[in-house]
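S.K.: Okay, so here is coords.tsv, and as you'll see once you scroll down, it has TSV, N, CA and C atoms.
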chain	number	residue	atom	x	y	z
Z	863	MET	N	5.29	0.48	10.44
Z	863	MET	CA	6.24	-0.58	10.25
Z	863	MET	C	7.55	-0.18	10.91
Z	864	SER	N	8.14	-1.06	11.65
Z	864	SER	CA	9.38	-0.77	12.34
Z	864	SER	C	10.57	-1.05	11.43
Z	865	ASP	N	11.76	-0.59	11.88
Z	865	ASP	CA	12.97	-0.85	11.11
Z	865	ASP	C	13.38	-2.31	11.19
Z	866	ALA	N	12.84	-3.05	12.16
Z	866	ALA	CA	13.17	-4.46	12.32
Z	866	ALA	C	12.56	-5.31	11.22
Z	867	GLY	N	11.59	-4.81	10.52
Z	867	GLY	CA	10.96	-5.56	9.45
Z	867	GLY	C	9.47	-5.70	9.66
Z	868	LEU	N	8.83	-6.08	8.63
Z	868	LEU	CA	7.38	-6.25	8.65
Z	868	LEU	C	7.06	-7.62	9.24
Z	869	THR	N	6.20	-7.65	10.24
Z	869	THR	CA	5.78	-8.92	10.82
Z	869	THR	C	4.60	-9.47	10.02
Z	870	PRO	N	4.37	-10.78	10.11
Z	870	PRO	CA	3.19	-11.33	9.42
Z	870	PRO	C	1.88	-10.67	9.84
Z	871	ALA	N	1.76	-10.31	11.11
Z	871	ALA	CA	0.55	-9.65	11.58
Z	871	ALA	C	0.40	-8.26	10.95
Z	872	GLU	N	1.52	-7.54	10.83
Z	872	GLU	CA	1.48	-6.22	10.17
Z	872	GLU	C	1.14	-6.37	8.69
Z	873	ALA	N	1.67	-7.40	8.05
Z	873	ALA	CA	1.35	-7.66	6.64
Z	873	ALA	C	-0.14	-7.87	6.47
Z	874	ALA	N	-0.73	-8.62	7.38
Z	874	ALA	CA	-2.17	-8.87	7.31
Z	874	ALA	C	-2.94	-7.58	7.52
Z	875	ARG	N	-2.48	-6.75	8.46
Z	875	ARG	CA	-3.18	-5.48	8.72
Z	875	ARG	C	-3.11	-4.56	7.51
Z	876	TRP	N	-1.94	-4.44	6.89
Z	876	TRP	CA	-1.79	-3.61	5.69
Z	876	TRP	C	-2.63	-4.15	4.54
Z	877	ALA	N	-2.71	-5.47	4.42
Z	877	ALA	CA	-3.52	-6.07	3.36
Z	877	ALA	C	-4.99	-5.72	3.56
Z	878	VAL	N	-5.47	-5.78	4.79
Z	878	VAL	CA	-6.86	-5.43	5.08
Z	878	VAL	C	-7.11	-3.96	4.73
Z	879	LEU	N	-6.17	-3.08	5.10
Z	879	LEU	CA	-6.32	-1.66	4.78
Z	879	LEU	C	-6.36	-1.41	3.27
Z	880	ALA	N	-5.65	-2.26	2.51
Z	880	ALA	CA	-5.63	-2.11	1.06
Z	880	ALA	C	-6.80	-2.83	0.39
Z	881	GLY	N	-7.58	-3.54	1.17
Z	881	GLY	CA	-8.73	-4.26	0.62
Z	881	GLY	C	-8.34	-5.54	-0.09
Z	882	ILE	N	-7.21	-6.11	0.29
Z	882	ILE	CA	-6.71	-7.34	-0.34
Z	882	ILE	C	-6.84	-8.48	0.67
Z	883	PRO	N	-7.60	-9.51	0.33
Z	883	PRO	CA	-7.69	-10.64	1.26
Z	883	PRO	C	-6.34	-11.37	1.31
Z	884	LEU	N	-5.86	-11.64	2.52
Z	884	LEU	CA	-4.57	-12.31	2.69
Z	884	LEU	C	-4.76	-13.51	3.61
Z	885	ALA	N	-4.64	-14.69	3.02
Z	885	ALA	CA	-4.80	-15.92	3.80
Z	885	ALA	C	-3.70	-16.01	4.86
Z	886	ALA	N	-4.02	-16.64	5.97
Z	886	ALA	CA	-3.09	-16.75	7.08
Z	886	ALA	C	-1.79	-17.44	6.68
Z	887	ASP	N	-1.88	-18.43	5.80
Z	887	ASP	CA	-0.67	-19.16	5.40
Z	887	ASP	C	0.23	-18.35	4.45
Z	888	ARG	N	-0.21	-17.21	3.97
Z	888	ARG	CA	0.58	-16.37	3.06
Z	888	ARG	C	1.23	-15.19	3.78
Z	889	ARG	N	0.86	-14.93	5.00
Z	889	ARG	CA	1.33	-13.73	5.71
Z	889	ARG	C	2.84	-13.68	5.87
Z	890	THR	N	3.46	-14.81	6.22
Z	890	THR	CA	4.91	-14.83	6.42
Z	890	THR	C	5.64	-14.56	5.10
Z	891	ALA	N	5.18	-15.18	4.02
Z	891	ALA	CA	5.82	-14.97	2.71
Z	891	ALA	C	5.64	-13.54	2.23
Z	892	VAL	N	4.47	-12.98	2.44
Z	892	VAL	CA	4.21	-11.60	2.04
Z	892	VAL	C	5.08	-10.63	2.84
Z	893	ALA	N	5.21	-10.87	4.13
Z	893	ALA	CA	6.04	-10.01	4.97
Z	893	ALA	C	7.51	-10.08	4.53
Z	894	ALA	N	8.01	-11.27	4.23
Z	894	ALA	CA	9.39	-11.42	3.78
Z	894	ALA	C	9.62	-10.74	2.43
Z	895	THR	N	8.66	-10.88	1.52
Z	895	THR	CA	8.77	-10.23	0.21
Z	895	THR	C	8.74	-8.72	0.34
Z	896	ALA	N	7.86	-8.21	1.18
Z	896	ALA	CA	7.79	-6.76	1.39
Z	896	ALA	C	9.09	-6.23	2.00
Z	897	ASP	N	9.68	-6.98	2.92
Z	897	ASP	CA	10.96	-6.57	3.50
Z	897	ASP	C	12.06	-6.54	2.45
Z	898	HIS	N	12.07	-7.53	1.56
Z	898	HIS	CA	13.07	-7.55	0.49
Z	898	HIS	C	12.90	-6.35	-0.44
Z	899	ILE	N	11.69	-6.08	-0.84
Z	899	ILE	CA	11.42	-4.93	-1.72
Z	899	ILE	C	11.84	-3.65	-1.03
Z	900	ARG	N	11.53	-3.52	0.24
Z	900	ARG	CA	11.91	-2.32	1.00
Z	900	ARG	C	13.43	-2.14	1.04
Z	901	SER	N	14.16	-3.25	1.20
Z	901	SER	CA	15.62	-3.14	1.24
Z	901	SER	C	16.19	-2.73	-0.11
Z	902	VAL	N	15.63	-3.23	-1.20
Z	902	VAL	CA	16.09	-2.85	-2.54
Z	902	VAL	C	15.78	-1.38	-2.81
Z	903	VAL	N	14.58	-0.95	-2.46
Z	903	VAL	CA	14.20	0.46	-2.67
Z	903	VAL	C	15.07	1.39	-1.84
Z	904	SER	N	15.43	0.99	-0.64
Z	904	SER	CA	16.28	1.85	0.19
Z	904	SER	C	17.66	2.03	-0.44
Z	905	VAL	N	18.17	1.01	-1.11
Z	905	VAL	CA	19.45	1.13	-1.82
Z	905	VAL	C	19.29	2.08	-3.00
Z	906	LEU	N	18.21	1.98	-3.73
Z	906	LEU	CA	17.98	2.85	-4.88
Z	906	LEU	C	17.83	4.30	-4.46
Z	907	ARG	N	17.24	4.53	-3.30
Z	907	ARG	CA	17.08	5.90	-2.80
Z	907	ARG	C	18.41	6.56	-2.47
Z	908	GLU	N	19.42	5.76	-2.19
Z	908	GLU	CA	20.74	6.30	-1.85
Z	908	GLU	C	21.57	6.69	-3.07
Z	909	LEU	N	21.16	6.28	-4.26
Z	909	LEU	CA	21.93	6.59	-5.46
Z	909	LEU	C	21.89	8.07	-5.77
Z	910	ASP	N	23.02	8.59	-6.22
Z	910	ASP	CA	23.12	10.00	-6.59
Z	910	ASP	C	23.11	10.07	-8.12
Z	911	PHE	N	22.04	10.56	-8.66
Z	911	PHE	CA	21.92	10.66	-10.11
Z	911	PHE	C	22.46	11.98	-10.65
Z	912	GLY	N	22.80	12.88	-9.76
Z	912	GLY	CA	23.44	14.13	-10.15
Z	912	GLY	C	22.73	14.85	-11.29
Z	913	ASP	N	23.41	15.01	-12.41
Z	913	ASP	CA	22.87	15.75	-13.55
Z	913	ASP	C	22.17	14.85	-14.57
Z	914	THR	N	21.81	13.65	-14.17
Z	914	THR	CA	21.14	12.74	-15.08
Z	914	THR	C	19.74	13.26	-15.40
Z	915	PRO	N	19.44	13.50	-16.68
Z	915	PRO	CA	18.11	13.99	-17.03
Z	915	PRO	C	17.07	12.87	-16.87
Z	916	PRO	N	15.82	13.22	-16.71
Z	916	PRO	CA	14.78	12.19	-16.62
Z	916	PRO	C	14.66	11.42	-17.93
Z	917	ALA	N	14.12	10.23	-17.86
Z	917	ALA	CA	14.02	9.36	-19.04
Z	917	ALA	C	13.21	10.02	-20.16
Z	918	ALA	N	12.27	10.87	-19.82
Z	918	ALA	CA	11.45	11.52	-20.86
Z	918	ALA	C	12.30	12.45	-21.73
Z	919	ALA	N	13.46	12.88	-21.23
Z	919	ALA	CA	14.33	13.79	-21.99
Z	919	ALA	C	15.23	13.04	-22.97
Z	920	TYR	N	15.31	11.71	-22.87
Z	920	TYR	CA	16.19	10.91	-23.73
Z	920	TYR	C	15.57	10.73	-25.11
Z	921	ARG	N	16.37	10.92	-26.13
Z	921	ARG	CA	15.94	10.70	-27.51
Z	921	ARG	C	16.88	9.70	-28.15
Z	922	ALA	N	16.40	8.54	-28.44
Z	922	ALA	CA	17.22	7.48	-29.03
Z	922	ALA	C	17.74	7.92	-30.39
Z	923	GLY	N	18.99	7.61	-30.63
Z	923	GLY	CA	19.59	7.91	-31.92
Z	923	GLY	C	20.22	9.28	-32.01
Z	924	GLU	N	20.05	10.13	-31.03
Z	924	GLU	CA	20.61	11.47	-31.08
Z	924	GLU	C	22.00	11.56	-30.45
Z	925	GLU	N	22.42	10.48	-29.77
Z	925	GLU	CA	23.74	10.54	-29.13
Z	925	GLU	C	24.84	10.27	-30.16
Z	926	GLU	N	26.01	10.82	-29.88
Z	926	GLU	CA	27.16	10.60	-30.76
Z	926	GLU	C	27.90	9.36	-30.30
Z	927	CYS	N	28.23	8.51	-31.23
Z	927	CYS	CA	28.99	7.31	-30.91
Z	927	CYS	C	30.46	7.59	-31.17
Z	928	ASP	N	31.28	7.53	-30.12
Z	928	ASP	CA	32.68	7.82	-30.28
Z	928	ASP	C	33.57	6.72	-29.71
Z	929	ALA	N	33.00	5.57	-29.47
Z	929	ALA	CA	33.74	4.46	-28.90
Z	929	ALA	C	34.42	3.65	-30.00
Z	930	ALA	N	35.62	3.21	-29.72
Z	930	ALA	CA	36.34	2.35	-30.67
Z	930	ALA	C	36.03	0.90	-30.34
Z	931	VAL	N	35.85	0.10	-31.35
Z	931	VAL	CA	35.58	-1.31	-31.15
Z	931	VAL	C	36.72	-2.13	-31.64
Produce structure tokens that represent the structure in this file.
M.R.:
Amino acid sequence: MSDAGLTPAEAARWAVLAGIPLAADRRTAVAATADHIRSVVSVLRELDFGDTPPAAAYRAGEEECDAAV
């Protein structure tokens, strides 16, 4: 897949490789959706989580509440 985006023909080829039948009239929509997902994931990959522990380390109710309301 190029940086220019997924073409409908490439979407069809990837669908065949995945064993998913993709009708010709769906190729353009699938390619556009895949491009959108790719753009969102690329933004998420740029986030710096620093010292954020993984979700499995979180224990609900153990945090101290110190905010004033």
S.K.: What does the distance from CA of Pro915 (chain Z) to CA of His898 (chain Z) come to in Å, to one decimal?
M.R.: 28.2 Å
S.K.: How many Å separate atom N of Leu868 (chain Z) from CA of Asp897 (chain Z)?
M.R.: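 Calculated distance between atom N of Leu868 (chain Z) and CA of Asp897 (chain Z) is 5.6 Å.
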S.K.: List every residue of chain Z that DSSP, applied to the backbone, labels as helix (DSSP H, G or I), and write the result as a ChimeraX atom specification.
M.R.: /Z:870-880,886-907,917-919
S.K.: Can you tell me, as a list in words, what residues are no more than 10 Å from Arg888 (chain Z) when counting only C-alpha atoms, ignoring any on the same chain fewer than 5 positions away?
M.R.: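 My reading of the contact set: Pro870, Ala873, Ala874 and Ala893 of chain Z.
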S.K.: Tell me which of Z:Ala918, Z:Val902, Z:Leu909, Z:Ala871 sits closest to Ala886 (chain Z), counting only C-alpha atoms.
M.R.: Z:Ala871
S.K.: Atom N of Trp876 (chain Z) and atom C of Arg900 (chain Z), how far apart in Å?
M.R.: 16.6 Å
S.K.: Around all the atoms of region 875-882 of chain Z listed in the file, draw an axis-aligned box and extend it by 5 Å on each of the six sides; I want its centre and edge lengths in Å to one decimal, as lines of an AutoDock Vina configuration file.
M.R.:
center_x = -5.3
center_y = -4.9
center_z = 4.2
size_x = 16.9
size_y = 17.1
size_z = 19.1
S.K.: Let me make sure I understand: among Z:Arg907, Z:Ala896, Z:Ala885, Z:Ala880, which one has the smallest atom-to-atom distance to Gly867 (chain Z) if we use all atoms listed in the file?
M.R.: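 Smallest separation from Gly867 (chain Z) among the options: Z:Ala896.
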